[in-house]
$ cat entry02.cif   # mmCIF, C-alpha atoms and all ligand atoms
data_coords
loop_
_atom_site.label_atom_id
_atom_site.label_comp_id
_atom_site.auth_asym_id
_atom_site.auth_seq_id
_atom_site.Cartn_x
_atom_site.Cartn_y
_atom_site.Cartn_z
CA MET A 1 -50.64 134.00 182.37
CA PHE A 2 -51.25 137.00 180.12
CA ALA A 3 -48.24 136.09 177.94
CA ALA A 4 -49.49 132.49 177.65
CA ILE A 5 -52.98 133.60 176.58
CA GLN A 6 -51.58 135.94 173.92
CA ALA A 7 -49.20 133.25 172.59
CA ALA A 8 -51.96 130.64 172.53
CA LYS A 9 -54.27 133.07 170.73
CA GLU A 10 -51.60 133.26 168.02
CA GLY A 11 -51.83 129.48 167.68
CA ALA A 12 -48.81 128.43 169.73
CA ASP A 13 -48.77 125.29 171.85
CA VAL A 14 -48.11 126.75 175.29
CA THR A 15 -47.14 125.29 178.67
CA ILE A 16 -46.83 127.27 181.91
CA LEU A 17 -44.35 125.97 184.48
CA GLU A 18 -45.25 127.38 187.90
CA SER A 19 -43.44 126.70 191.17
CA GLY A 20 -46.51 127.24 193.35
CA GLU A 21 -49.56 125.09 193.78
CA ARG A 22 -51.69 127.50 191.79
CA LEU A 23 -51.26 130.33 189.32
CA GLY A 24 -51.70 134.01 190.02
CA LYS A 25 -51.17 133.98 193.78
CA LYS A 26 -49.72 137.48 193.89
CA ILE A 27 -52.71 138.92 192.05
CA LEU A 28 -54.87 138.00 195.06
CA SER A 29 -53.09 140.49 197.32
CA THR A 30 -52.97 143.35 194.81
CA GLY A 31 -54.84 146.59 195.42
CA ASN A 32 -55.72 145.52 198.98
CA GLY A 33 -57.52 142.48 197.58
CA LYS A 34 -59.31 144.54 194.90
CA CYS A 35 -56.61 144.44 192.17
CA ASN A 36 -55.86 147.84 190.71
CA LEU A 37 -55.10 146.35 187.32
CA THR A 38 -54.21 149.48 185.40
CA ASN A 39 -54.61 153.26 185.30
CA LEU A 40 -56.33 155.52 182.76
CA PHE A 41 -53.45 157.98 183.05
CA MET A 42 -50.81 155.94 181.26
CA ASP A 43 -47.52 157.59 180.50
CA GLU A 44 -43.86 156.63 180.49
CA SER A 45 -43.31 159.18 183.28
CA CYS A 46 -45.08 156.72 185.60
CA TYR A 47 -42.26 154.21 185.13
CA TYR A 48 -38.65 153.89 186.21
CA SER A 49 -35.93 152.02 184.33
CA GLU A 50 -32.31 152.55 183.34
CA ASN A 51 -33.66 152.31 179.77
CA LYS A 52 -36.75 154.51 179.63
CA PRO A 53 -37.17 154.44 175.80
CA PHE A 54 -37.61 150.65 176.08
CA VAL A 55 -40.59 151.16 178.40
CA ALA A 56 -42.08 153.98 176.28
CA ASP A 57 -41.86 151.84 173.15
CA ALA A 58 -43.48 148.83 174.84
CA LEU A 59 -46.37 150.94 176.14
CA LYS A 60 -47.06 151.98 172.54
CA ARG A 61 -46.92 148.40 171.28
CA PHE A 62 -49.44 147.06 173.78
CA THR A 63 -51.34 150.02 175.12
CA LEU A 64 -53.72 150.78 177.96
CA GLU A 65 -56.59 150.51 175.43
CA ASP A 66 -55.34 147.10 174.31
CA THR A 67 -55.35 146.01 177.96
CA LEU A 68 -58.87 147.24 178.67
CA GLN A 69 -60.06 145.66 175.44
CA ALA A 70 -58.36 142.35 176.30
CA PHE A 71 -59.93 142.15 179.76
CA ARG A 72 -63.35 143.16 178.43
CA SER A 73 -63.07 140.45 175.78
CA PHE A 74 -62.29 137.97 178.58
CA GLY A 75 -65.61 138.97 180.14
CA LEU A 76 -64.19 141.06 182.99
CA MET A 77 -66.27 144.14 183.80
CA LEU A 78 -64.22 147.09 184.96
CA ARG A 79 -64.65 150.02 187.32
CA ASP A 80 -62.86 153.37 186.99
CA ARG A 81 -62.14 155.04 190.33
CA ASN A 82 -60.54 158.40 189.53
CA GLY A 83 -58.49 156.75 186.80
CA TYR A 84 -57.55 153.71 188.88
CA VAL A 85 -59.05 150.67 187.16
CA TYR A 86 -60.41 147.74 189.18
CA PRO A 87 -62.68 144.82 188.37
CA LEU A 88 -66.28 146.00 188.77
CA CYS A 89 -66.81 143.62 191.70
CA GLU A 90 -63.56 144.88 193.30
CA GLN A 91 -62.32 141.36 193.96
CA ALA A 92 -58.79 140.46 192.91
CA THR A 93 -59.75 136.79 192.79
CA VAL A 94 -61.89 137.38 189.70
CA VAL A 95 -58.87 138.68 187.76
CA SER A 96 -56.95 135.52 188.60
CA ASP A 97 -60.05 133.37 187.88
CA ILE A 98 -60.66 135.03 184.50
CA LEU A 99 -57.04 134.55 183.47
CA ARG A 100 -57.22 130.87 184.46
CA LEU A 101 -60.47 130.47 182.50
CA MET A 102 -58.82 132.00 179.44
CA LEU A 103 -55.85 129.66 179.78
CA LYS A 104 -58.32 126.78 179.74
CA GLU A 105 -60.22 128.22 176.79
CA TYR A 106 -57.05 128.57 174.71
CA GLY A 107 -55.77 125.14 175.69
CA VAL A 108 -52.70 126.26 177.66
CA LYS A 109 -51.16 123.41 179.66
CA VAL A 110 -50.39 124.29 183.25
CA ILE A 111 -47.83 122.40 185.31
CA THR A 112 -47.75 123.53 188.93
CA GLY A 113 -45.27 122.56 191.65
CA PHE A 114 -42.38 122.81 189.16
CA LYS A 115 -39.64 125.14 190.28
CA ALA A 116 -37.33 126.05 187.39
CA SER A 117 -33.68 126.12 188.47
CA GLY A 118 -32.04 126.69 185.11
CA VAL A 119 -32.54 127.06 181.38
CA GLU A 120 -30.09 125.78 178.78
CA LYS A 121 -30.14 125.77 175.00
CA LYS A 122 -29.43 122.36 173.48
CA GLY A 123 -29.75 121.45 169.81
CA GLY A 124 -32.07 124.31 168.95
CA LEU A 125 -34.32 123.66 171.94
CA PHE A 126 -34.46 125.27 175.37
CA ARG A 127 -34.35 122.80 178.23
CA VAL A 128 -35.94 124.08 181.44
CA ASN A 129 -34.54 122.14 184.37
CA GLY A 130 -36.47 121.79 187.59
CA GLU A 131 -35.17 121.59 191.13
CA GLY A 132 -35.94 117.88 191.03
CA LYS A 133 -34.81 115.70 188.13
CA GLN A 134 -37.65 116.72 185.84
CA SER A 135 -37.02 118.93 182.81
CA PHE A 136 -39.01 120.13 179.83
CA SER A 137 -37.89 121.19 176.36
CA PHE A 138 -39.42 123.97 174.30
CA GLU A 139 -38.71 125.89 171.11
CA ARG A 140 -39.16 129.19 172.89
CA VAL A 141 -39.15 130.21 176.54
CA ILE A 142 -40.59 133.29 178.26
CA LEU A 143 -38.96 133.93 181.60
CA CYS A 144 -41.52 135.78 183.73
CA THR A 145 -40.80 134.73 187.31
CA GLY A 146 -41.47 138.14 188.86
CA GLY A 147 -39.01 139.89 191.16
CA ARG A 148 -38.39 139.02 194.80
CA ALA A 149 -41.07 141.15 196.47
CA VAL A 150 -43.20 139.12 198.90
CA PRO A 151 -41.42 135.82 198.14
CA LYS A 152 -44.15 133.80 199.83
CA THR A 153 -46.28 134.51 196.72
CA GLY A 154 -43.73 132.54 194.67
CA SER A 155 -41.51 135.29 193.24
CA ASP A 156 -38.39 134.54 195.26
CA GLY A 157 -35.77 136.05 192.95
CA SER A 158 -34.84 132.72 191.32
CA GLY A 159 -35.55 134.24 187.89
CA TYR A 160 -32.66 136.68 188.37
CA THR A 161 -30.28 133.75 188.92
CA ILE A 162 -31.56 132.02 185.77
CA ALA A 163 -31.24 135.23 183.68
CA LYS A 164 -27.70 135.76 185.00
CA SER A 165 -26.68 132.20 184.20
CA LEU A 166 -27.76 132.87 180.60
CA GLY A 167 -25.41 135.86 180.41
CA HIS A 168 -27.91 138.64 181.13
CA GLY A 169 -26.77 141.53 183.30
CA LEU A 170 -28.84 142.83 186.21
CA VAL A 171 -29.52 146.38 187.31
CA PRO A 172 -29.20 146.17 191.14
CA VAL A 173 -32.48 145.05 192.67
CA VAL A 174 -33.91 147.03 195.62
CA PRO A 175 -37.32 147.05 197.35
CA ALA A 176 -39.76 149.62 195.91
CA LEU A 177 -43.26 150.78 196.86
CA ALA A 178 -42.06 150.24 200.40
CA LEU A 179 -42.26 151.85 203.82
CA LEU A 180 -39.25 153.98 204.84
CA ILE A 181 -37.64 153.27 208.21
CA CYS A 182 -36.67 156.37 210.22
CA GLY A 183 -33.81 156.78 212.66
CA GLU A 184 -35.79 158.83 215.21
CA ALA A 185 -36.75 156.94 218.37
CA TYR A 186 -40.15 158.56 218.85
CA PHE A 187 -42.15 156.78 216.13
CA LYS A 188 -43.87 154.29 218.46
CA GLY A 189 -45.74 157.21 220.04
CA VAL A 190 -47.20 158.39 216.74
CA SER A 191 -47.85 154.99 215.16
CA GLY A 192 -51.25 154.86 213.43
CA VAL A 193 -51.41 158.57 212.60
CA ARG A 194 -52.69 159.35 209.09
CA THR A 195 -52.46 162.90 207.87
CA TYR A 196 -52.51 164.74 204.56
CA ALA A 197 -49.01 166.06 203.88
CA LYS A 198 -46.49 167.20 201.32
CA LEU A 199 -43.25 165.23 201.43
CA ASP A 200 -39.87 166.25 200.03
CA LEU A 201 -37.25 163.55 199.61
CA ILE A 202 -33.83 165.06 200.29
CA ILE A 203 -30.71 163.20 199.18
CA ASP A 204 -27.33 164.58 200.25
CA GLY A 205 -29.03 167.90 200.94
CA LYS A 206 -30.71 168.16 197.54
CA GLN A 207 -34.40 167.79 196.78
CA ALA A 208 -34.85 164.55 194.83
CA SER A 209 -38.63 164.17 194.69
CA THR A 210 -41.88 165.64 196.03
CA GLU A 211 -45.16 163.86 196.71
CA ILE A 212 -48.49 164.90 198.23
CA GLY A 213 -51.02 162.57 199.79
CA GLU A 214 -51.95 160.66 202.90
CA LEU A 215 -48.91 160.08 205.08
CA GLN A 216 -49.13 157.13 207.46
CA LEU A 217 -46.90 156.85 210.49
CA THR A 218 -45.88 153.43 211.77
CA ASP A 219 -43.84 152.42 214.80
CA SER A 220 -40.70 152.31 212.67
CA GLY A 221 -41.16 155.13 210.18
CA ILE A 222 -43.24 156.63 207.39
CA SER A 223 -45.59 154.91 204.98
CA GLY A 224 -48.55 155.61 202.68
CA ILE A 225 -48.78 156.22 198.95
CA PRO A 226 -46.62 159.39 198.83
CA VAL A 227 -43.83 157.51 200.62
CA PHE A 228 -44.24 154.45 198.37
CA GLN A 229 -43.91 156.63 195.29
CA PHE A 230 -40.37 157.78 196.08
CA SER A 231 -39.20 154.81 198.16
CA ARG A 232 -37.25 153.32 195.22
CA ILE A 233 -35.25 156.57 194.88
CA ALA A 234 -34.52 156.43 198.62
CA ALA A 235 -33.58 152.74 198.38
CA TYR A 236 -30.98 153.36 195.67
CA ALA A 237 -29.60 156.39 197.56
CA LEU A 238 -29.23 154.32 200.75
CA ARG A 239 -27.55 151.58 198.71
CA GLY A 240 -25.07 154.23 197.50
CA ARG A 241 -24.52 155.27 201.16
CA GLN A 242 -26.01 158.73 200.56
CA GLU A 243 -27.72 160.73 203.28
CA VAL A 244 -31.50 160.43 202.95
CA LYS A 245 -34.01 162.65 204.71
CA VAL A 246 -37.68 163.43 204.27
CA ARG A 247 -39.11 166.88 205.02
CA ILE A 248 -42.77 166.70 205.89
CA ASP A 249 -45.15 169.63 205.55
CA ALA A 250 -48.16 168.55 207.60
CA MET A 251 -50.09 171.70 206.63
CA PRO A 252 -49.47 171.99 202.88
CA ASP A 253 -52.56 174.12 202.23
CA ILE A 254 -51.29 177.19 204.08
CA SER A 255 -47.96 179.00 204.03
CA ALA A 256 -45.68 179.29 207.07
CA ASP A 257 -46.53 183.02 207.35
CA GLU A 258 -50.28 182.36 207.21
CA LEU A 259 -49.95 179.64 209.84
CA TYR A 260 -47.99 181.86 212.17
CA GLU A 261 -50.51 184.71 211.71
CA LEU A 262 -53.41 182.36 212.50
CA VAL A 263 -51.66 181.14 215.63
CA ARG A 264 -50.79 184.71 216.68
CA VAL A 265 -54.43 185.85 216.36
CA HIS A 266 -55.64 182.67 218.08
CA ARG A 267 -53.33 183.50 220.97
CA LEU A 268 -54.69 187.04 221.28
CA LEU A 269 -58.27 185.72 221.35
CA THR A 270 -57.62 182.83 223.74
CA GLY A 271 -57.93 183.21 227.49
CA SER A 272 -56.25 181.05 230.07
CA CYS A 273 -55.55 177.49 228.85
CA THR A 274 -52.82 174.90 228.65
CA ALA A 275 -50.47 174.53 225.69
CA GLU A 276 -52.18 171.27 224.76
CA GLU A 277 -55.57 173.00 224.74
CA PHE A 278 -54.18 175.91 222.75
CA PHE A 279 -52.83 173.72 219.95
CA THR A 280 -55.89 171.42 219.87
CA GLY A 281 -57.64 171.35 216.50
CA MET A 282 -54.70 172.29 214.33
CA LEU A 283 -53.43 168.81 213.50
CA ASN A 284 -53.82 165.16 214.45
CA LYS A 285 -53.57 165.14 218.25
CA LYS A 286 -50.72 162.59 218.53
CA LEU A 287 -48.71 164.47 215.94
CA MET A 288 -49.24 167.81 217.64
CA LEU A 289 -48.14 166.32 220.98
CA LEU A 290 -44.97 165.09 219.27
CA PHE A 291 -44.28 168.52 217.77
CA MET A 292 -44.82 170.11 221.18
CA LYS A 293 -42.35 167.66 222.71
CA LEU A 294 -39.79 168.39 219.99
CA ALA A 295 -40.30 172.13 220.63
CA ASP A 296 -39.79 171.67 224.39
CA VAL A 297 -43.39 172.62 225.14
CA LYS A 298 -45.04 170.75 228.02
CA PRO A 299 -48.72 169.97 227.30
CA SER A 300 -49.63 171.25 230.78
CA GLN A 301 -47.72 174.53 230.35
CA GLU A 302 -49.93 177.63 230.70
CA LEU A 303 -50.42 179.57 227.46
CA SER A 304 -49.35 182.76 229.22
CA GLU A 305 -46.00 181.12 230.06
CA LEU A 306 -45.28 180.02 226.49
CA LYS A 307 -42.35 181.82 224.93
CA GLU A 308 -42.59 183.23 221.41
CA HIS A 309 -39.76 181.01 220.19
CA GLN A 310 -41.60 177.88 221.47
CA ILE A 311 -44.73 178.79 219.49
CA LEU A 312 -42.61 179.58 216.44
CA ARG A 313 -40.88 176.21 216.79
CA VAL A 314 -44.19 174.29 216.94
CA CYS A 315 -45.40 176.17 213.82
CA ALA A 316 -42.09 175.47 212.07
CA LEU A 317 -42.42 171.74 212.80
CA CYS A 318 -45.96 171.72 211.37
CA LYS A 319 -44.54 173.11 208.13
CA CYS A 320 -41.16 171.37 208.08
CA TRP A 321 -40.66 168.21 210.12
CA GLU A 322 -37.47 166.49 209.05
CA VAL A 323 -36.91 162.76 209.55
CA THR A 324 -33.83 160.67 208.80
CA ILE A 325 -34.27 157.62 206.58
CA THR A 326 -32.14 154.64 207.58
CA GLY A 327 -33.73 151.88 205.53
CA THR A 328 -36.69 150.54 203.61
CA ASN A 329 -39.00 147.64 204.21
CA SER A 330 -37.43 144.31 203.36
CA PHE A 331 -38.38 142.49 200.14
CA ASP A 332 -40.86 140.51 202.29
CA ALA A 333 -43.06 143.57 202.66
CA ALA A 334 -42.23 145.69 199.59
CA GLN A 335 -44.84 145.68 196.83
CA VAL A 336 -42.39 145.50 193.95
CA CYS A 337 -38.71 145.41 193.09
CA ALA A 338 -36.83 148.16 191.30
CA GLY A 339 -34.03 146.98 189.02
CA GLY A 340 -33.82 143.56 187.38
CA VAL A 341 -32.80 142.19 183.99
CA ASP A 342 -30.98 144.92 182.06
CA THR A 343 -33.25 145.80 179.14
CA THR A 344 -30.46 147.03 176.88
CA MET A 345 -29.87 143.35 176.10
CA VAL A 346 -33.59 142.76 175.40
CA SER A 347 -35.20 143.64 172.04
CA GLU A 348 -38.43 145.62 171.64
CA ASN A 349 -40.12 142.22 171.19
CA MET A 350 -38.95 141.29 174.71
CA GLU A 351 -36.53 138.80 173.15
CA SER A 352 -33.03 138.24 174.46
CA LYS A 353 -30.38 139.80 172.23
CA LEU A 354 -27.97 137.16 173.51
CA LEU A 355 -30.10 134.06 173.10
CA PRO A 356 -32.76 134.31 170.37
CA GLY A 357 -35.90 132.43 171.33
CA LEU A 358 -35.62 133.43 174.99
CA TYR A 359 -38.07 136.15 176.07
CA PHE A 360 -38.65 138.14 179.26
CA ALA A 361 -41.75 139.75 180.76
CA GLY A 362 -42.99 141.41 183.92
CA GLU A 363 -41.28 142.54 187.07
CA LEU A 364 -38.19 140.46 186.37
CA LEU A 365 -37.15 143.18 183.91
CA ASP A 366 -35.60 146.44 185.04
CA VAL A 367 -38.92 148.29 184.92
CA ASP A 368 -40.98 149.37 187.91
CA GLY A 369 -43.99 151.60 188.00
CA LYS A 370 -45.53 154.02 190.44
CA CYS A 371 -48.30 152.90 192.74
CA GLY A 372 -51.67 152.95 190.91
CA GLY A 373 -51.93 149.95 188.58
CA TYR A 374 -48.70 150.62 186.68
CA ASN A 375 -46.85 147.47 187.70
CA LEU A 376 -49.63 145.16 186.57
CA GLN A 377 -49.92 147.20 183.37
CA TRP A 378 -46.23 146.50 182.80
CA ALA A 379 -46.91 142.78 183.33
CA TRP A 380 -49.79 142.88 180.78
CA THR A 381 -47.84 145.00 178.26
CA SER A 382 -44.56 143.08 178.39
CA GLY A 383 -46.40 139.76 178.68
CA ALA A 384 -48.54 140.43 175.60
CA ILE A 385 -45.54 141.55 173.53
CA ALA A 386 -43.44 138.56 174.63
CA GLY A 387 -46.29 136.07 174.13
CA ARG A 388 -47.19 137.30 170.66
CA SER A 389 -43.57 137.62 169.52
CA ALA A 390 -42.60 134.20 170.83
CA ALA A 391 -45.57 132.64 169.04
CA ARG A 392 -44.92 134.46 165.76
CA ARG A 393 -41.15 133.87 165.66
C1 LIG A 401 -49.12 143.38 198.27
C2 LIG A 401 -48.99 143.77 196.82
C3 LIG A 401 -49.95 144.59 196.24
C4 LIG A 401 -49.81 144.97 194.90
N1 LIG A 401 -50.79 145.73 194.35
C5 LIG A 401 -50.70 146.08 193.05
C6 LIG A 401 -51.75 146.80 192.41
O1 LIG A 401 -52.84 147.01 192.98
N2 LIG A 401 -51.55 147.20 191.12
C7 LIG A 401 -50.41 146.92 190.42
O2 LIG A 401 -50.29 147.33 189.28
N3 LIG A 401 -49.41 146.19 190.99
C8 LIG A 401 -49.53 145.76 192.27
N4 LIG A 401 -48.54 144.99 192.82
C9 LIG A 401 -47.39 144.60 191.98
C10 LIG A 401 -47.78 143.47 191.02
O3 LIG A 401 -48.49 142.47 191.70
C11 LIG A 401 -46.53 142.85 190.37
O4 LIG A 401 -45.74 143.85 189.80
C12 LIG A 401 -46.95 141.83 189.29
O5 LIG A 401 -47.68 140.78 189.87
C13 LIG A 401 -45.72 141.26 188.58
O6 LIG A 401 -46.15 140.29 187.68
P1 LIG A 401 -45.16 139.15 187.18
O7 LIG A 401 -45.99 138.22 186.36
O8 LIG A 401 -43.96 139.73 186.59
O9 LIG A 401 -44.68 138.39 188.50
P2 LIG A 401 -45.51 137.60 189.62
O10 LIG A 401 -46.90 138.11 189.70
O11 LIG A 401 -44.66 137.67 190.83
O12 LIG A 401 -45.58 136.12 189.05
C14 LIG A 401 -44.42 135.34 188.90
C15 LIG A 401 -44.81 133.89 188.97
O13 LIG A 401 -43.66 133.09 188.69
C16 LIG A 401 -43.58 132.03 189.63
N5 LIG A 401 -42.17 131.66 189.78
C17 LIG A 401 -41.18 132.40 190.34
N6 LIG A 401 -40.01 131.75 190.25
C18 LIG A 401 -40.25 130.59 189.63
C19 LIG A 401 -39.43 129.49 189.26
N7 LIG A 401 -38.13 129.46 189.50
N8 LIG A 401 -40.03 128.41 188.65
C20 LIG A 401 -41.36 128.40 188.39
N9 LIG A 401 -42.18 129.43 188.72
C21 LIG A 401 -41.63 130.51 189.33
C22 LIG A 401 -44.18 132.61 190.90
O14 LIG A 401 -44.65 131.57 191.75
C23 LIG A 401 -45.30 133.48 190.35
O15 LIG A 401 -46.51 132.76 190.23
C24 LIG A 401 -48.67 144.56 194.15
C25 LIG A 401 -47.72 143.72 194.74
C26 LIG A 401 -47.88 143.32 196.06
C27 LIG A 401 -46.85 142.40 196.65
#
$ encode --input "entry02.cif" --output "structure tokens"
Amino acid sequence: MFAAIQAAKEGADVTILESGERLGKKILSTGNGKCNLTNLFMDESCYYSENKPFVADALKRFTLEDTLQAFRSFGLMLRDRNGYVYPLCEQATVVSDILRLMLKEYGVKVITGFKASGVEKKGGLFRVNGEGKQSFSFERVILCTGGRAVPKTGSDGSGYTIAKSLGHGLVPVVPALALLICGEAYFKGVSGVRTYAKLDLIIDGKQASTEIGELQLTDSGISGIPVFQFSRIAAYALRGRQEVKVRIDAMPDISADELYELVRVHRLLTGSCTAEEFFTGMLNKKLMLLFMKLADVKPSQELSELKEHQILRVCALCKCWEVTITGTNSFDAAQVCAGGVDTTMVSENMESKLLPGLYFAGELLDVDGKCGGYNLQWAWTSGAIAGRSAARR
């Protein structure tokens, strides 16, 4: 939609072919229905790709400022929440509505219910074939079918097949911004817990990434923004059959020594009570009960009967709880895909180096961003560059 608007603004005659019944379905579920459309902290370090200079260059060609300016010029008022940019009314529907209004204003034709199954170049024109018998011919084509995250929104991975059939290589596609499934059987008991934590992703024994934020526990594993942020690294490691673990520090604001000292003094000052009562107030109750269980401490055990090593073990778990990662959410529930069309065969104008006149944009490309508005920013940036370049060619 953004690519079409930019191309039409340049004077091109533009048609959008969309498989769904309406455009912009995925936008509706973004940012929990509020659409976090970009981020004021915009830097290449917020993106992953096998070809990072490609991303850095694109972000300079159509910048954060260009994006804000474009949306303001469309009439969308924006709200900055600690750098995370949303529509002022915090409704994702308005972003989709505004884009549709702009398509109308610039005279873009929209054909819905057309699922492209292939693209071929014939006599200087690109023929886009549909799943039925229908086909359309164009001078230039922008392939921007998204990835395969949440296929019910329309992005079912068919764009990868089309790109491949045109000779473009793919960087393996894995779910990203996804929950991580853990091997431990006890997760049902702690499902629903939310706690501030520092998380270290450990791959084959080596620290691969660190994140801090609100950890969410589910009945199958760990979730929340810090988990989302490194889930794509975990997904590739699992794909390569590496050992993946996460070490969770549920008390990142104090050191292990300080924690133990606090607990030691607390013990001296506490009279007769049960272990459960003694540990109450330190952490989320469900989580503390789990740590007690893992440390072989019965909640009903008298404080006076607790052994030093049991207390040490509970404290150690608060500071370093290790879980084994066995998988990620499926594509059905992941927010984006990592991997995609190899950008070394795509020019800085988003044009195919193999087939001039064919362009790419969005999540289909091997570019994925961190959680926080970066993936939509990539869609706006790559879409604007592709739209303008295709129109000017
Ligand atoms: C639940 C959820 C929340 C998210 N929240 C945010 C957020 O707050 N901020 C953020 O930056 N990112 C967020 N994202 C990611 C962001 O939505 C995507 O990265 C972005 O929408 C990708 O844009 P795109 O245009 O490349 O692909 P899409 O938005 O997936 O659009 C592709 C379009 O192509 C159509 N299509 C696919 N195949 C064909 C075909 N063969 N023929 C015809 N049409 C086809 C699809 O129907 C779809 O309309 C979220 C994603 C999800 C799933």
$ residues_around --input "entry02.cif" --residues "Gly169 (chain A)" --least-positions-apart "6" --cutoff "10 Å" --atoms "all atoms listed in the file" --output "PDB file with C-alpha atoms, keeping the file's coordinate frame"
ATOM      1  CA  TYR A 160     -32.660 136.680 188.370  1.00  0.00           C
ATOM      2  CA  ALA A 163     -31.240 135.230 183.680  1.00  0.00           C
ATOM      3  CA  GLY A 340     -33.820 143.560 187.380  1.00  0.00           C
ATOM      4  CA  VAL A 341     -32.800 142.190 183.990  1.00  0.00           C
ATOM      5  CA  ASP A 342     -30.980 144.920 182.060  1.00  0.00           C
ATOM      6  CA  THR A 343     -33.250 145.800 179.140  1.00  0.00           C
ATOM      7  CA  THR A 344     -30.460 147.030 176.880  1.00  0.00           C
ATOM      8  CA  MET A 345     -29.870 143.350 176.100  1.00  0.00           C
TER       9      MET A 345
END
$ residues_near_ligand --input "entry02.cif" --ligand "ligand LIG 401 (chain A)" --cutoff "7 Å" --atoms "all atoms listed in the file" --output "MDAnalysis selection string"
chainID A and resid 17:20 23:27 29:32 35:38 114:117 144:147 149:150 153:159 334:336 361:364 371:377 379
$ closest_atom_pairs --input "entry02.cif" --of "region 13-55 of chain A" --to "region 70-83 of chain A" --cutoff "8 Å" --atoms "all atoms listed in the file" --output "CSV"
residue,atom,partner,partner_atom,distance
A:Asn39,CA,A:Gly83,CA,5.4
A:Leu40,CA,A:Gly83,CA,4.7
A:Phe41,CA,A:Gly83,CA,6.4
$ closest_residue --input "entry02.cif" --among "A:Val174, A:Gly387, A:Arg22, A:Leu125" --to "Val367 (chain A)" --atoms "all atoms listed in the file"
A:Val174
$ atom_distance --input "entry02.cif" --atom1 "CA of Ser165 (chain A)" --atom2 "CA of Leu365 (chain A)"
15.2 Å
$ atom_distance --input "entry02.cif" --atom1 "CA of Gly240 (chain A)" --atom2 "CA of Ile212 (chain A)"
25.7 Å
$ residues_around --input "entry02.cif" --residues "Arg61 (chain A)" --least-positions-apart "4" --cutoff "10 Å" --atoms "all atoms listed in the file" --output "MDAnalysis selection string"
chainID A and resid 55:57 66 348:349 381:382 384:385
$ residues_near_point --input "entry02.cif" --point "(-61.7, 139.7, 193.7)" --cutoff "8 Å" --atoms "all atoms listed in the file" --output "count of residues only"
12
$ atom_distance --input "entry02.cif" --atom1 "CA of Ile311 (chain A)" --atom2 "CA of Phe291 (chain A)"
10.4 Å
$ residues_near_point --input "entry02.cif" --point "(-39.6, 162.7, 203.1)" --cutoff "6 Å" --atoms "all atoms listed in the file" --output "ChimeraX atom specification"
/A:199-201,245-248
$ write_last_selection --input "entry02.cif" --atoms "C-alpha atoms" --output "compact mmCIF listing (two decimals), keeping the file's coordinate frame"
# COMPACT_ATOMS: atom_id res chain seq x y z
CA LEU A 199 -43.25 165.23 201.43
CA ASP A 200 -39.87 166.25 200.03
CA LEU A 201 -37.25 163.55 199.61
CA LYS A 245 -34.01 162.65 204.71
CA VAL A 246 -37.68 163.43 204.27
CA ARG A 247 -39.11 166.88 205.02
CA ILE A 248 -42.77 166.70 205.89
$ closest_atom_pairs --input "entry02.cif" --of "region 87-206 of chain A" --to "region 223-233 of chain A" --cutoff "9 Å" --atoms "only C-alpha atoms" --output "CSV"
residue,atom,partner,partner_atom,distance
A:Val174,CA,A:Arg232,CA,7.1
A:Pro175,CA,A:Arg232,CA,6.6
A:Ala176,CA,A:Arg232,CA,4.5
A:Leu177,CA,A:Phe228,CA,4.1
A:Ala178,CA,A:Phe228,CA,5.2
A:Leu179,CA,A:Ser223,CA,4.7
A:Leu180,CA,A:Ser223,CA,6.4
A:Ile181,CA,A:Ser223,CA,8.7
A:Arg194,CA,A:Gly224,CA,8.5
A:Ala197,CA,A:Pro226,CA,8.7
A:Lys198,CA,A:Pro226,CA,8.2
A:Leu199,CA,A:Pro226,CA,7.2
A:Leu201,CA,A:Phe230,CA,7.4
$ residues_around --input "entry02.cif" --residues "Ala7 (chain A)" --least-positions-apart "2" --cutoff "10 Å" --atoms "only C-alpha atoms" --output "VMD selection string"
chain A and resid 1 to 5 9 to 14 106 108 383 to 392
$ write_last_selection --input "entry02.cif" --atoms "C-alpha atoms" --output "CSV table (one decimal), in the coordinates of the input"
chain,number,residue,atom,x,y,z
A,1,MET,CA,-50.6,134.0,182.4
A,2,PHE,CA,-51.2,137.0,180.1
A,3,ALA,CA,-48.2,136.1,177.9
A,4,ALA,CA,-49.5,132.5,177.6
A,5,ILE,CA,-53.0,133.6,176.6
A,9,LYS,CA,-54.3,133.1,170.7
A,10,GLU,CA,-51.6,133.3,168.0
A,11,GLY,CA,-51.8,129.5,167.7
A,12,ALA,CA,-48.8,128.4,169.7
A,13,ASP,CA,-48.8,125.3,171.8
A,14,VAL,CA,-48.1,126.8,175.3
A,106,TYR,CA,-57.0,128.6,174.7
A,108,VAL,CA,-52.7,126.3,177.7
A,383,GLY,CA,-46.4,139.8,178.7
A,384,ALA,CA,-48.5,140.4,175.6
A,385,ILE,CA,-45.5,141.6,173.5
A,386,ALA,CA,-43.4,138.6,174.6
A,387,GLY,CA,-46.3,136.1,174.1
A,388,ARG,CA,-47.2,137.3,170.7
A,389,SER,CA,-43.6,137.6,169.5
A,390,ALA,CA,-42.6,134.2,170.8
A,391,ALA,CA,-45.6,132.6,169.0
A,392,ARG,CA,-44.9,134.5,165.8
$ axis_aligned_box --input "entry02.cif" --around "region 344-363 of chain A" --padding-each-side "4 Å" --output "AutoDock Vina command-line options"
--center_x -35.5 --center_y 139.7 --center_z 178.7 --size_x 23.0 --size_y 22.6 --size_z 24.7
$ closest_residue --input "entry02.cif" --among "A:Pro53, A:Gly107, A:Gly281, A:Gly192" --to "Gln6 (chain A)" --atoms "all atoms listed in the file"
A:Gly107
